[in-house]
file target.csv (CSV, C-alpha atoms and all ligand atoms)
chain,number,residue,atom,x,y,z
A,15,MET,CA,-176.4,-119.9,101.0
A,16,LEU,CA,-178.8,-118.2,103.4
A,17,GLN,CA,-178.9,-114.4,103.5
A,18,VAL,CA,-180.6,-112.5,106.2
A,19,GLU,CA,-181.2,-108.8,105.2
A,20,GLN,CA,-182.3,-106.0,107.5
A,21,LEU,CA,-184.5,-108.4,109.5
A,22,THR,CA,-186.5,-106.6,112.2
A,23,ARG,CA,-189.1,-107.9,114.7
A,24,CYS,CA,-191.1,-105.9,117.2
A,25,PHE,CA,-193.2,-107.2,120.0
A,26,GLY,CA,-195.6,-104.4,120.8
A,27,ASP,CA,-193.3,-101.4,121.4
A,28,ALA,CA,-190.3,-103.5,122.1
A,29,LEU,CA,-187.7,-103.9,119.3
A,30,ALA,CA,-186.4,-107.5,119.7
A,31,VAL,CA,-184.5,-107.7,116.4
A,32,ASP,CA,-183.3,-104.5,114.8
A,33,GLU,CA,-182.2,-104.6,111.1
A,34,VAL,CA,-180.1,-107.7,111.4
A,35,SER,CA,-178.1,-108.8,108.3
A,36,PHE,CA,-175.7,-111.7,108.0
A,37,GLU,CA,-175.0,-114.7,105.8
A,38,VAL,CA,-174.6,-118.4,106.2
A,39,PRO,CA,-172.6,-119.5,103.2
A,40,ASP,CA,-172.7,-123.1,101.9
A,41,GLY,CA,-170.5,-125.4,103.8
A,42,HIS,CA,-170.0,-122.9,106.6
A,43,LEU,CA,-170.6,-123.4,110.3
A,44,VAL,CA,-171.8,-120.1,111.7
A,45,GLY,CA,-172.0,-119.5,115.4
A,46,PHE,CA,-174.7,-117.2,116.7
A,47,VAL,CA,-173.8,-115.7,120.1
A,48,GLY,CA,-175.3,-113.1,122.4
A,49,GLY,CA,-176.6,-112.6,125.9
A,50,ASN,CA,-180.0,-113.7,127.2
A,51,GLY,CA,-182.6,-111.8,125.2
A,52,ALA,CA,-180.3,-110.7,122.5
A,53,GLY,CA,-182.6,-112.0,119.8
A,54,LYS,CA,-181.1,-115.3,118.6
A,55,THR,CA,-184.2,-117.5,119.0
A,56,THR,CA,-186.4,-114.8,117.5
A,57,ILE,CA,-184.2,-114.6,114.4
A,58,MET,CA,-184.1,-118.4,114.1
A,59,ARG,CA,-187.9,-118.6,114.4
A,60,MET,CA,-188.2,-116.0,111.6
A,61,ILE,CA,-185.8,-118.0,109.4
A,62,MET,CA,-188.0,-121.1,110.0
A,63,GLY,CA,-191.2,-119.2,109.3
A,64,VAL,CA,-192.5,-119.9,112.8
A,65,LEU,CA,-192.7,-116.2,113.5
A,66,ALA,CA,-193.3,-113.4,110.9
A,67,GLN,CA,-190.8,-110.6,110.5
A,68,SER,CA,-191.9,-107.0,111.0
A,69,SER,CA,-189.7,-106.0,108.1
A,70,GLY,CA,-186.6,-107.3,106.2
A,71,SER,CA,-186.1,-110.4,104.1
A,72,MET,CA,-184.4,-113.7,103.9
A,73,ARG,CA,-182.9,-115.3,100.7
A,74,TRP,CA,-182.1,-118.9,100.0
A,75,GLU,CA,-179.8,-119.6,97.0
A,76,GLY,CA,-180.3,-116.0,95.9
A,77,GLN,CA,-184.2,-116.2,95.9
A,78,GLU,CA,-186.7,-115.2,98.5
A,79,LEU,CA,-186.9,-117.9,101.1
A,80,THR,CA,-190.2,-119.9,100.7
A,81,ALA,CA,-192.1,-122.4,102.8
A,82,SER,CA,-191.1,-125.2,100.4
A,83,ASP,CA,-187.3,-124.3,101.0
A,84,ARG,CA,-188.0,-124.4,104.7
A,85,ARG,CA,-189.5,-127.9,104.6
A,86,ASP,CA,-186.0,-129.2,103.6
A,87,PHE,CA,-184.3,-127.4,106.5
A,88,GLY,CA,-183.5,-129.2,109.7
A,89,TYR,CA,-184.5,-127.2,112.8
A,90,MET,CA,-183.8,-127.8,116.5
A,91,PRO,CA,-186.1,-125.3,118.2
A,92,GLU,CA,-185.5,-123.9,121.7
A,93,GLU,CA,-188.8,-125.6,122.9
A,94,ARG,CA,-187.7,-129.1,122.0
A,95,GLY,CA,-190.5,-130.7,120.0
A,96,LEU,CA,-190.6,-134.5,120.5
A,97,TYR,CA,-193.2,-136.6,122.3
A,98,PRO,CA,-192.0,-137.8,125.7
A,99,LYS,CA,-194.2,-140.9,125.8
A,100,GLN,CA,-193.4,-142.3,122.4
A,101,SER,CA,-190.7,-144.8,121.5
A,102,ILE,CA,-187.5,-143.0,120.3
A,103,VAL,CA,-186.9,-145.0,117.2
A,104,GLU,CA,-190.5,-144.8,116.1
A,105,GLN,CA,-190.8,-141.0,116.3
A,106,LEU,CA,-187.4,-140.5,114.6
A,107,ALA,CA,-188.4,-142.8,111.8
A,108,TYR,CA,-191.7,-141.1,111.5
A,109,LEU,CA,-190.0,-137.7,111.1
A,110,ALA,CA,-187.9,-139.0,108.2
A,111,GLN,CA,-191.0,-140.6,106.6
A,112,LEU,CA,-192.7,-137.2,106.7
A,113,HIS,CA,-189.9,-136.1,104.4
A,114,GLY,CA,-190.6,-138.9,101.9
A,115,VAL,CA,-188.0,-141.4,103.2
A,116,SER,CA,-189.3,-145.0,103.0
A,117,ARG,CA,-190.1,-146.7,106.3
A,118,PRO,CA,-187.2,-149.3,106.2
A,119,GLU,CA,-184.7,-146.6,105.2
A,120,ALA,CA,-186.1,-144.3,107.9
A,121,ARG,CA,-185.7,-146.9,110.6
A,122,ASP,CA,-182.2,-147.7,109.3
A,123,ARG,CA,-181.2,-144.1,109.5
A,124,ALA,CA,-182.7,-143.8,113.0
A,125,HIS,CA,-180.8,-146.8,114.3
A,126,GLU,CA,-177.5,-145.6,112.7
A,127,LEU,CA,-177.8,-142.2,114.2
A,128,LEU,CA,-178.8,-143.5,117.6
A,129,SER,CA,-175.8,-145.8,117.6
A,130,ARG,CA,-173.5,-142.9,116.6
A,131,PHE,CA,-174.8,-141.1,119.7
A,132,SER,CA,-174.3,-144.2,121.9
A,133,LEU,CA,-178.1,-144.7,122.3
A,134,ALA,CA,-178.5,-148.0,120.3
A,135,GLU,CA,-179.6,-149.8,123.4
A,136,ARG,CA,-182.3,-147.3,124.2
A,137,ALA,CA,-183.9,-147.2,120.7
A,138,LYS,CA,-187.3,-148.7,121.8
A,139,ASP,CA,-187.5,-146.8,125.1
A,140,LYS,CA,-189.8,-143.8,125.6
A,141,LEU,CA,-188.1,-140.5,125.3
A,142,GLU,CA,-189.1,-139.4,128.8
A,143,THR,CA,-187.1,-142.3,130.3
A,144,LEU,CA,-183.8,-140.8,129.1
A,145,SER,CA,-181.7,-138.3,131.0
A,146,LEU,CA,-181.9,-134.7,129.8
A,147,GLY,CA,-178.6,-134.9,128.0
A,148,ASN,CA,-179.6,-138.1,126.2
A,149,GLN,CA,-183.0,-136.5,125.2
A,150,GLN,CA,-180.9,-133.7,123.8
A,151,ARG,CA,-179.0,-136.2,121.6
A,152,VAL,CA,-182.3,-137.5,120.3
A,153,GLN,CA,-183.5,-133.9,119.5
A,154,ILE,CA,-180.3,-133.5,117.4
A,155,ILE,CA,-180.9,-136.7,115.5
A,156,ALA,CA,-184.5,-135.5,114.8
A,157,ALA,CA,-183.1,-132.3,113.2
A,158,VAL,CA,-180.7,-134.2,110.9
A,159,ILE,CA,-182.5,-137.5,110.1
A,160,SER,CA,-184.1,-136.2,106.9
A,161,ARG,CA,-180.7,-135.0,105.6
A,162,PRO,CA,-181.6,-131.3,105.4
A,163,THR,CA,-180.3,-128.7,103.0
A,164,MET,CA,-179.7,-126.3,105.9
A,165,LEU,CA,-179.4,-126.7,109.6
A,166,ILE,CA,-180.8,-124.2,112.2
A,167,LEU,CA,-180.0,-125.3,115.7
A,168,ASP,CA,-181.0,-123.4,118.8
A,169,GLU,CA,-178.4,-124.2,121.5
A,170,PRO,CA,-177.7,-127.7,120.4
A,171,PHE,CA,-174.7,-128.1,122.7
A,172,SER,CA,-176.5,-127.1,125.9
A,173,GLY,CA,-176.6,-130.0,128.4
A,174,LEU,CA,-174.3,-132.3,126.3
A,175,ASP,CA,-171.4,-134.2,128.0
A,176,PRO,CA,-168.0,-133.9,126.3
A,177,ALA,CA,-168.4,-137.2,124.4
A,178,ALA,CA,-171.7,-136.0,122.9
A,179,VAL,CA,-170.2,-132.7,122.0
A,180,ASP,CA,-167.5,-134.5,120.1
A,181,ASP,CA,-170.1,-136.7,118.3
A,182,MET,CA,-172.1,-133.6,117.5
A,183,VAL,CA,-169.0,-131.8,116.1
A,184,VAL,CA,-168.2,-134.8,113.8
A,185,LEU,CA,-171.8,-134.9,112.6
A,186,LEU,CA,-171.9,-131.1,111.9
A,187,ARG,CA,-168.6,-131.3,110.1
A,188,GLU,CA,-170.1,-134.0,107.8
A,189,PHE,CA,-172.9,-131.7,106.9
A,190,THR,CA,-170.6,-128.7,106.2
A,191,ALA,CA,-168.2,-131.0,104.2
A,192,ALA,CA,-171.2,-131.8,102.0
A,193,GLY,CA,-171.9,-128.1,101.5
A,194,VAL,CA,-174.8,-127.7,103.9
A,195,PRO,CA,-174.9,-124.3,105.7
A,196,VAL,CA,-175.2,-124.6,109.5
A,197,LEU,CA,-176.3,-121.9,111.9
A,198,PHE,CA,-176.3,-122.6,115.6
A,199,SER,CA,-176.6,-120.6,118.7
A,200,SER,CA,-174.5,-121.1,121.8
A,201,HIS,CA,-173.3,-119.5,125.0
A,202,GLN,CA,-170.2,-121.7,125.0
A,203,LEU,CA,-167.7,-119.2,123.5
A,204,ASP,CA,-164.7,-121.5,123.6
A,205,LEU,CA,-166.6,-124.0,121.6
A,206,VAL,CA,-167.8,-121.4,119.1
A,207,GLU,CA,-164.3,-120.1,118.7
A,208,ARG,CA,-162.9,-123.6,118.1
A,209,LEU,CA,-165.6,-124.7,115.7
A,210,CYS,CA,-167.0,-121.9,113.6
A,211,ASP,CA,-166.0,-120.6,110.3
A,212,ARG,CA,-167.8,-117.5,111.1
A,213,ILE,CA,-169.2,-115.9,114.3
A,214,VAL,CA,-172.1,-113.4,114.5
A,215,ILE,CA,-172.3,-111.6,117.8
A,216,LEU,CA,-175.7,-110.0,118.7
A,217,ALA,CA,-176.5,-107.5,121.5
A,218,ARG,CA,-179.9,-106.0,122.1
A,219,GLY,CA,-181.2,-107.2,118.8
A,220,ARG,CA,-178.4,-105.9,116.6
A,221,VAL,CA,-175.3,-107.5,115.1
A,222,VAL,CA,-172.3,-106.0,116.9
A,223,ALA,CA,-169.6,-108.1,115.3
A,224,ASP,CA,-169.4,-110.6,112.4
A,225,GLY,CA,-166.3,-112.4,111.1
A,226,ASP,CA,-164.1,-115.4,111.5
A,227,ALA,CA,-162.5,-116.0,114.9
A,228,GLU,CA,-159.1,-114.5,113.7
A,229,GLN,CA,-160.7,-111.4,112.3
A,230,LEU,CA,-162.7,-110.8,115.5
A,231,ARG,CA,-159.7,-111.4,117.7
A,232,ARG,CA,-157.5,-109.0,115.6
A,233,SER,CA,-160.3,-106.4,115.8
A,234,GLY,CA,-159.9,-106.2,119.6
A,235,THR,CA,-157.4,-104.4,121.8
A,236,ILE,CA,-154.1,-106.2,121.5
A,237,ARG,CA,-151.8,-105.9,124.6
A,238,HIS,CA,-148.2,-107.0,125.2
A,239,ARG,CA,-146.5,-108.8,128.0
A,240,LEU,CA,-143.0,-107.8,128.9
A,241,VAL,CA,-140.9,-110.1,131.1
A,242,ALA,CA,-137.5,-108.7,132.1
A,243,GLY,CA,-134.6,-109.9,134.2
A,244,THR,CA,-135.3,-107.3,136.8
A,245,ASP,CA,-138.1,-105.2,138.2
A,246,VAL,CA,-140.1,-103.4,135.4
A,247,GLY,CA,-141.7,-100.7,137.6
A,248,TRP,CA,-140.1,-98.1,135.3
A,249,VAL,CA,-142.8,-98.9,132.7
A,250,ARG,CA,-145.2,-96.8,134.7
A,251,ASP,CA,-143.1,-93.7,133.9
A,252,LEU,CA,-143.4,-94.0,130.1
A,253,ASP,CA,-146.0,-91.6,128.9
A,254,TRP,CA,-146.3,-93.2,125.4
A,255,LEU,CA,-147.9,-96.5,126.7
A,256,GLN,CA,-150.6,-97.5,129.1
A,257,ALA,CA,-149.4,-99.8,131.9
A,258,ILE,CA,-152.3,-102.2,132.6
A,259,ASP,CA,-150.7,-104.4,135.2
A,260,VAL,CA,-147.1,-104.2,136.6
A,261,SER,CA,-145.9,-106.8,139.0
A,262,GLY,CA,-142.2,-107.6,139.8
A,263,ASN,CA,-140.4,-108.2,136.5
A,264,THR,CA,-143.6,-108.6,134.5
A,265,ALA,CA,-145.7,-105.9,132.9
A,266,ILE,CA,-148.9,-106.0,130.7
A,267,VAL,CA,-149.1,-102.9,128.6
A,268,GLN,CA,-151.2,-101.4,125.8
A,269,LEU,CA,-149.3,-99.7,123.0
A,270,ALA,CA,-150.6,-97.0,120.7
A,271,SER,CA,-149.0,-98.5,117.6
A,272,GLU,CA,-147.1,-101.5,116.3
A,273,ALA,CA,-143.9,-99.3,116.1
A,274,ASP,CA,-144.0,-98.9,119.8
A,275,THR,CA,-143.2,-102.6,120.2
A,276,ASP,CA,-139.6,-101.9,119.0
A,277,ARG,CA,-139.5,-98.8,121.2
A,278,LEU,CA,-140.5,-100.8,124.3
A,279,LEU,CA,-138.0,-103.6,123.5
A,280,THR,CA,-135.1,-101.0,123.0
A,281,GLU,CA,-136.1,-99.3,126.3
A,282,ALA,CA,-136.2,-102.6,128.2
A,283,MET,CA,-132.9,-103.8,126.8
A,284,ARG,CA,-131.3,-100.5,127.7
A,285,ARG,CA,-132.3,-101.3,131.3
A,286,GLY,CA,-131.2,-104.9,131.5
A,287,SER,CA,-132.1,-108.3,130.1
A,288,VAL,CA,-135.4,-109.1,128.4
A,289,ARG,CA,-136.9,-112.6,128.8
A,290,GLU,CA,-140.1,-112.1,126.7
A,291,LEU,CA,-142.0,-109.5,124.8
A,292,ALA,CA,-145.2,-111.1,123.6
A,293,GLU,CA,-148.4,-110.0,121.9
A,294,LEU,CA,-151.6,-110.9,123.8
A,295,VAL,CA,-154.3,-111.3,121.2
A,296,PRO,CA,-157.7,-111.4,122.9
A,297,SER,CA,-159.9,-114.5,122.8
A,298,VAL,CA,-163.4,-114.5,121.2
A,299,ALA,CA,-164.7,-114.4,124.8
A,300,ASP,CA,-162.7,-111.1,125.4
A,301,ILE,CA,-164.1,-109.6,122.2
A,302,TYR,CA,-167.6,-110.7,123.1
A,303,ARG,CA,-167.3,-108.8,126.4
A,304,GLU,CA,-165.9,-105.8,124.6
A,305,VAL,CA,-168.6,-105.5,121.9
A,306,THR,CA,-171.6,-106.4,124.1
A,307,ARG,CA,-170.8,-104.0,126.9
B,401,LIG,N1,-193.4,-114.0,121.9
B,401,LIG,C1,-192.8,-112.9,122.5
B,401,LIG,N2,-193.5,-111.9,123.0
B,401,LIG,C2,-192.9,-110.8,123.5
B,401,LIG,N3,-191.6,-110.6,123.6
B,401,LIG,C3,-190.8,-111.6,123.1
B,401,LIG,C4,-191.4,-112.8,122.5
B,401,LIG,N4,-190.4,-113.6,122.1
B,401,LIG,C5,-189.2,-113.0,122.4
B,401,LIG,N5,-189.5,-111.8,123.0
B,401,LIG,C6,-188.5,-110.8,123.4
B,401,LIG,O1,-187.6,-110.7,122.4
B,401,LIG,C7,-186.2,-110.5,122.9
B,401,LIG,C8,-185.3,-111.5,122.3
B,401,LIG,O2,-185.6,-112.8,122.8
B,401,LIG,P1,-184.9,-114.1,122.2
B,401,LIG,O3,-185.6,-115.3,122.9
B,401,LIG,O4,-184.9,-114.1,120.8
B,401,LIG,O5,-183.4,-114.0,122.8
B,401,LIG,P2,-182.2,-115.0,122.8
B,401,LIG,O6,-181.1,-114.3,122.3
B,401,LIG,O7,-182.6,-116.3,122.1
B,401,LIG,O8,-182.1,-115.3,124.4
B,401,LIG,P3,-181.6,-116.6,125.2
B,401,LIG,O9,-180.1,-116.7,125.1
B,401,LIG,O10,-182.0,-116.2,126.6
B,401,LIG,O11,-182.3,-117.8,124.7
B,401,LIG,C9,-186.3,-110.6,124.4
B,401,LIG,O12,-186.4,-109.3,125.0
B,401,LIG,C10,-187.7,-111.3,124.6
B,401,LIG,O13,-188.3,-111.0,125.8
call {"tool": "encode", "arguments": {"input": "target.csv", "output": "structure tokens", "more": "lines below"}}
Ligand SMILES: Nc1ncnc2c1ncn2[C@@H]1O[C@H](COP(=O)(O)OP(=O)(O)OP(=O)(O)O)[C@@H](O)[C@H]1O
result
Amino acid sequence: MLQVEQLTRCFGDALAVDEVSFEVPDGHLVGFVGGNGAGKTTIMRMIMGVLAQSSGSMRWEGQELTASDRRDFGYMPEERGLYPKQSIVEQLAYLAQLHGVSRPEARDRAHELLSRFSLAERAKDKLETLSLGNQQRVQIIAAVISRPTMLILDEPFSGLDPAAVDDMVVLLREFTAAGVPVLFSSHQLDLVERLCDRIVILARGRVVADGDAEQLRRSGTIRHRLVAGTDVGWVRDLDWLQAIDVSGNTAIVQLASEADTDRLLTEAMRRGSVRELAELVPSVADIYREVTR
């Protein structure tokens, strides 16, 4: 498990990361979201030791995170790091060899991963001859080829087509199933909501929400939709609820308490037939907008 505690980073007078704490438990996929400049890349760089923290600490398996621990981490940096003019399979195999994998085994792994990402035919090509999305697939392979103990991936899904996203999801799930903690950043909130065991939302260098998708969604403002057999304009006259949107026989309302659901249903039935009274739980994207405002 990786634990980040009170991590802070200043650039001159600017506070880029402000006392950030969160955990990436073993076997968990943690999604890191936040607007441009929220601090995601800076935090990942500090975890990887590329950038020093101004204060705070990081722990790995309960002990202070060391350079030796980090050598076994797989990292996909924002500034993608491979050589454009070198053969793909050669540089992937070389990366695995740097981690002590024998040359034949390293080449086998490279070929296997390339074929999983539908790039078997391009193995001997130079990286720069691939499309950007396919280069991205190779960057992902580079992060995982040495079978890391932890994965830190800075926007690994950006630029991938839906098939590559699916391949990537399967791959990440294999790592988490083996107990590896995975932290990745993304702006694709639907994907984060669907995939992650835990979501950490950052705004202006601070953690503004942290939990699983269900916890986050339940923490937001829950509204109700009432659909009646006739016009529901009368909802606007009730002073114990907030009418958000009323149109014809449908109204979206915000109730002060759970008990008011029964009250609204009774009121609606007194006035005619009720077709639907449903809870509208916000999506993670709604929560994101609410907490990063
Ligand atoms: N080397 C640096 N020197 C000065 N300021 C920096 C440096 N690196 C990052 N920052 C500042 O730190 C803040 C956080 O930037 P960071 O790149 O971590 O954000 P991010 O959440 O990864 O954003 P994005 O989604 O755009 O990639 C920004 O205000 C940025 O300008």
call {"tool": "closest_atom_pairs", "arguments": {"input": "target.csv", "of": "chain A", "to": "ligand LIG 401 (chain B)", "cutoff": "10 Å", "atoms": "only C-alpha atoms and all ligand atoms", "output": "CSV"}}
result
residue,atom,partner,partner_atom,distance
A:Arg23,CA,B:LIG401,O1,8.3
A:Cys24,CA,B:LIG401,O1,7.9
A:Phe25,CA,B:LIG401,C2,5.0
A:Gly26,CA,B:LIG401,C2,7.5
A:Asp27,CA,B:LIG401,N3,9.6
A:Ala28,CA,B:LIG401,N3,7.4
A:Leu29,CA,B:LIG401,O1,7.5
A:Ala30,CA,B:LIG401,O1,4.4
A:Val31,CA,B:LIG401,C8,7.1
A:Phe46,CA,B:LIG401,O6,9.0
A:Val47,CA,B:LIG401,O6,7.8
A:Gly48,CA,B:LIG401,O6,5.9
A:Gly49,CA,B:LIG401,O9,5.4
A:Asn50,CA,B:LIG401,O10,3.3
A:Gly51,CA,B:LIG401,O5,3.4
A:Ala52,CA,B:LIG401,O6,3.7
A:Gly53,CA,B:LIG401,O4,3.3
A:Lys54,CA,B:LIG401,O6,3.8
A:Thr55,CA,B:LIG401,O7,3.7
A:Thr56,CA,B:LIG401,O4,3.7
A:Ile57,CA,B:LIG401,O4,6.5
A:Met58,CA,B:LIG401,O4,8.0
A:Arg59,CA,B:LIG401,O4,8.4
A:Met60,CA,B:LIG401,O4,10.0
A:Leu65,CA,B:LIG401,N1,8.7
A:Glu92,CA,B:LIG401,O11,7.5
A:Asp168,CA,B:LIG401,O7,8.0
A:Glu169,CA,B:LIG401,O11,8.1
A:Ser199,CA,B:LIG401,O7,8.1
A:Ser200,CA,B:LIG401,O9,7.8
A:His201,CA,B:LIG401,O9,7.4
A:Leu216,CA,B:LIG401,O6,7.8
A:Ala217,CA,B:LIG401,O6,8.2
A:Arg218,CA,B:LIG401,C8,7.7
A:Gly219,CA,B:LIG401,C8,6.9
call {"tool": "atom_distance", "arguments": {"input": "target.csv", "atom1": "atom CA of A:Tyr108", "atom2": "atom CA of A:Thr163"}}
result
18.9 Å
call {"tool": "residues_around", "arguments": {"input": "target.csv", "residues": "stretch 242-252 of chain A", "least_positions_apart": "4", "cutoff": "8 Å", "atoms": "only C-alpha atoms", "output": "ChimeraX atom specification"}}
result
/A:256-257,260-265,282,286-290
call {"tool": "closest_residue", "arguments": {"input": "target.csv", "among": "A:Leu279, A:Tyr89, A:Arg151, A:Val115", "to": "A:Met182", "atoms": "all atoms listed in the file"}}
result
A:Arg151
call {"tool": "residues_around", "arguments": {"input": "target.csv", "residues": "A:Val179", "least_positions_apart": "5", "cutoff": "10 Å", "atoms": "all atoms listed in the file", "output": "list in words"}}
result
Phe131, Arg151, Pro170, Phe171, Ser172, Gly173, Leu174, Val184, Leu185 and Leu205 of chain A
call {"tool": "atom_distance", "arguments": {"input": "target.csv", "atom1": "atom CA of A:Gly95", "atom2": "atom CA of A:Leu165"}}
result
15.7 Å
call {"tool": "atom_distance", "arguments": {"input": "target.csv", "atom1": "atom CA of A:Val64", "atom2": "atom CA of A:Asp83"}}
result
13.6 Å
